[in-house]
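Below: one structure, written as structure tokens.
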Amino acid sequence: PDSEEKLFEEIKARFKQTDMSVPYQRDGYYYYTRYKDGKEYPIYARRKGSKDAPEEILLNVNEMSAGHDFFEVGDMAVSPDSKLLAWAEDTVGRRQYTIRVMEIASRKMYPLALGNVENNVVWAGDNKTFLYIEKDPKTLLGHKVRQHSIDSANLADVAADPLIWEQTDESYYTGV
């Protein structure tokens, strides 16, 4: 065990513990991902107007992962007006994601949890509707593109959301 721990520490020392992705610009914001020293998960953040503006944390996956044996944030999408964030998260490790939505400025979470979906979410131009892909419960292949409005009373029933398109051939993957 001592030699394993020593080897692990030696390997870990060779990797940069604090790191940041190259920022990309979209709709007046610079978006990036960064890692804190000693932490396992990323922090997704943005800065308005310039790379030197105050940081606005979108998701701190280190905090979100607390209490889970497995945690992954997949696809993330900011609404066209830059006010809402939708993302897919997996707490099981089987690529069975749940979509969640948050108002960025207030950090208000919508009580939404659309489960057994693909790692794919895309906002429509109205800033309240997004598209996502439902998985087949047996094959776990994404096969139905559905539409959800944040004004909807439906909080967790994927089948209650309008069907936009369905892939009937299981040899194809579906994406939005």
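Chain labels run A, B, ... following the order of the structure tokens; each chain numbers its residues from 1, and ligands are numbered from 1 in the order shown.
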Can you list every residue of region 99-120 of chain A that has an atom at most 7 Å from region 126-138 of chain A, with its nearest atom pair and the distance in Å to one decimal, using only C-alpha atoms, ordered by chain then number, as JSON lines?
{"residue": "A:Asn116", "atom": "CA", "partner": "A:Lys135", "partner_atom": "CA", "distance": 5.8}
{"residue": "A:Val117", "atom": "CA", "partner": "A:Glu134", "partner_atom": "CA", "distance": 4.5}
{"residue": "A:Glu118", "atom": "CA", "partner": "A:Ile133", "partner_atom": "CA", "distance": 5.4}
{"residue": "A:Asn120", "atom": "CA", "partner": "A:Tyr132", "partner_atom": "CA", "distance": 5.8}
Kindly export the residues of the current selection with N, CA, C and O atoms, as a JSON list (two decimals), in the first residue's frame.
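Result saved to again02.json:
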[["chain", "number", "residue", "atom", "x", "y", "z"],
["A", 116, "ASN", "N", -33.68, 9.93, -17.63],
["A", 116, "ASN", "CA", -33.43, 8.94, -18.68],
["A", 116, "ASN", "C", -33.38, 9.60, -20.05],
["A", 116, "ASN", "O", -34.07, 9.21, -20.98],
["A", 117, "VAL", "N", -32.53, 10.62, -20.15],
["A", 117, "VAL", "CA", -32.36, 11.34, -21.40],
["A", 117, "VAL", "C", -30.90, 11.31, -21.83],
["A", 117, "VAL", "O", -30.02, 10.94, -21.06],
["A", 118, "GLU", "N", -30.68, 11.68, -23.08],
["A", 118, "GLU", "CA", -29.32, 11.77, -23.61],
["A", 118, "GLU", "C", -28.62, 13.02, -23.08],
["A", 118, "GLU", "O", -29.25, 13.93, -22.56],
["A", 120, "ASN", "N", -27.74, 15.81, -24.23],
["A", 120, "ASN", "CA", -27.94, 16.75, -25.34],
["A", 120, "ASN", "C", -29.12, 17.65, -25.01],
["A", 120, "ASN", "O", -30.23, 17.16, -24.82]]
Could you give me, as JSON lines, every region 34-98 of chain A residue with an atom at most 6 Å from region 18-28 of chain A, plus its closest atom pair and distance in Å to one decimal, counting only C-alpha atoms, rows ordered by chain then number?
{"residue": "A:Arg34", "atom": "CA", "partner": "A:Met20", "partner_atom": "CA", "distance": 4.0}
{"residue": "A:Tyr35", "atom": "CA", "partner": "A:Asp19", "partner_atom": "CA", "distance": 5.2}
{"residue": "A:Lys36", "atom": "CA", "partner": "A:Thr18", "partner_atom": "CA", "distance": 4.9}
{"residue": "A:Asp37", "atom": "CA", "partner": "A:Thr18", "partner_atom": "CA", "distance": 4.7}
{"residue": "A:Gly49", "atom": "CA", "partner": "A:Gly28", "partner_atom": "CA", "distance": 5.4}
Just the selected residues (C-alpha atoms), exported as a PDB file, in the first residue's frame, please.
ATOM      1  CA  ARG A  34     -11.334  25.687 -14.676  1.00  0.00           C
ATOM      2  CA  TYR A  35     -10.047  23.238 -12.070  1.00  0.00           C
ATOM      3  CA  LYS A  36      -8.997  24.059  -8.515  1.00  0.00           C
ATOM      4  CA  ASP A  37      -5.937  22.530  -6.925  1.00  0.00           C
ATOM      5  CA  GLY A  49     -17.717  41.688 -21.745  1.00  0.00           C
TER       6      GLY A  49
END
Report task. Could you give me, as a PyMOL selection string, each residue of chain A that DSSP assigns to strand (DSSP E or B) when run on this structure's backbone? Result -> chain A and resi 19-20+24-26+29-35+43-48+55-60+72-78+84-90+97-103+108-109+114-123+129-135+142-149+163-166
Report task. Find the distance between CA of Asp81 (chain A) and CA of Met64 (chain A) and write it in Å to one decimal. Result ->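 Rounded to one decimal, the two atoms are 24.8 Å apart.
For the choices A:Met76, A:Val176, A:Val145, A:Val92, the atom-to-atom distance to Leu163 (chain A) is smallest for A:Val145 when using only C-alpha atoms.
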Query - Long-range neighbours of region 154-160 of chain A as a PyMOL selection string, 9 Å cut-off, only C-alpha atoms, 3 positions minimum in chain - result: chain A and resi 110-117+134+146+148-151+163
Dump as a PDB file, in the first residue's frame, selection limited to C-alpha atoms:
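Below is the file that was written, part.pdb:
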ATOM      1  CA  TYR A 110     -36.382  25.147 -11.412  1.00  0.00           C
ATOM      2  CA  PRO A 111     -38.024  22.075  -9.836  1.00  0.00           C
ATOM      3  CA  LEU A 112     -37.414  20.248 -13.100  1.00  0.00           C
ATOM      4  CA  ALA A 113     -35.853  16.773 -13.378  1.00  0.00           C
ATOM      5  CA  LEU A 114     -36.342  15.145 -16.776  1.00  0.00           C
ATOM      6  CA  GLY A 115     -34.712  11.721 -16.424  1.00  0.00           C
ATOM      7  CA  ASN A 116     -33.426   8.940 -18.678  1.00  0.00           C
ATOM      8  CA  VAL A 117     -32.364  11.343 -21.404  1.00  0.00           C
ATOM      9  CA  GLU A 134     -35.460  10.669 -24.577  1.00  0.00           C
ATOM     10  CA  ARG A 146     -38.930  16.091 -27.191  1.00  0.00           C
ATOM     11  CA  HIS A 148     -40.010  21.181 -22.937  1.00  0.00           C
ATOM     12  CA  SER A 149     -41.132  24.639 -21.830  1.00  0.00           C
ATOM     13  CA  ILE A 150     -40.013  25.929 -18.440  1.00  0.00           C
ATOM     14  CA  ASP A 151     -43.580  27.258 -18.052  1.00  0.00           C
ATOM     15  CA  LEU A 163     -42.757  14.617 -29.363  1.00  0.00           C
TER      16      LEU A 163
END
Query - A:Asp169, A:Glu103, A:Asp161, A:Glu72 ranked by distance to Asn119 (chain A), top pick (using only C-alpha atoms) - result: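 Under the stated criterion, the closest residue is A:Glu72.
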Requested in this report: Pick out the closest residue to Pro42 (chain A) from this set: A:Leu140, A:Val73, A:Ala66, A:Val78. Count only C-alpha atoms.
Outcome: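 Smallest distance to Pro42 (chain A) is found for A:Val73.
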**Report entry** Which of A:Ser82, A:Thr98, A:His143, A:Asn60 sits closest to Gly125 (chain A) [using only C-alpha atoms]
**Finding:**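 Among A:Ser82, A:Thr98, A:His143, A:Asn60, it is A:Ser82 that comes nearest to Gly125 (chain A).
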Query raised in the report: Skipping near chain neighbours, those fewer than 2 positions away, what residues fall within 12 Å of Ser171 (chain A) using only C-alpha atoms, listed as a list in words?
Result: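 Once the nearby chain positions are removed, what remains is Thr139, Leu141, Gly142, His143, Gln167, Thr168, Asp169, Tyr173 and Thr174 of chain A.
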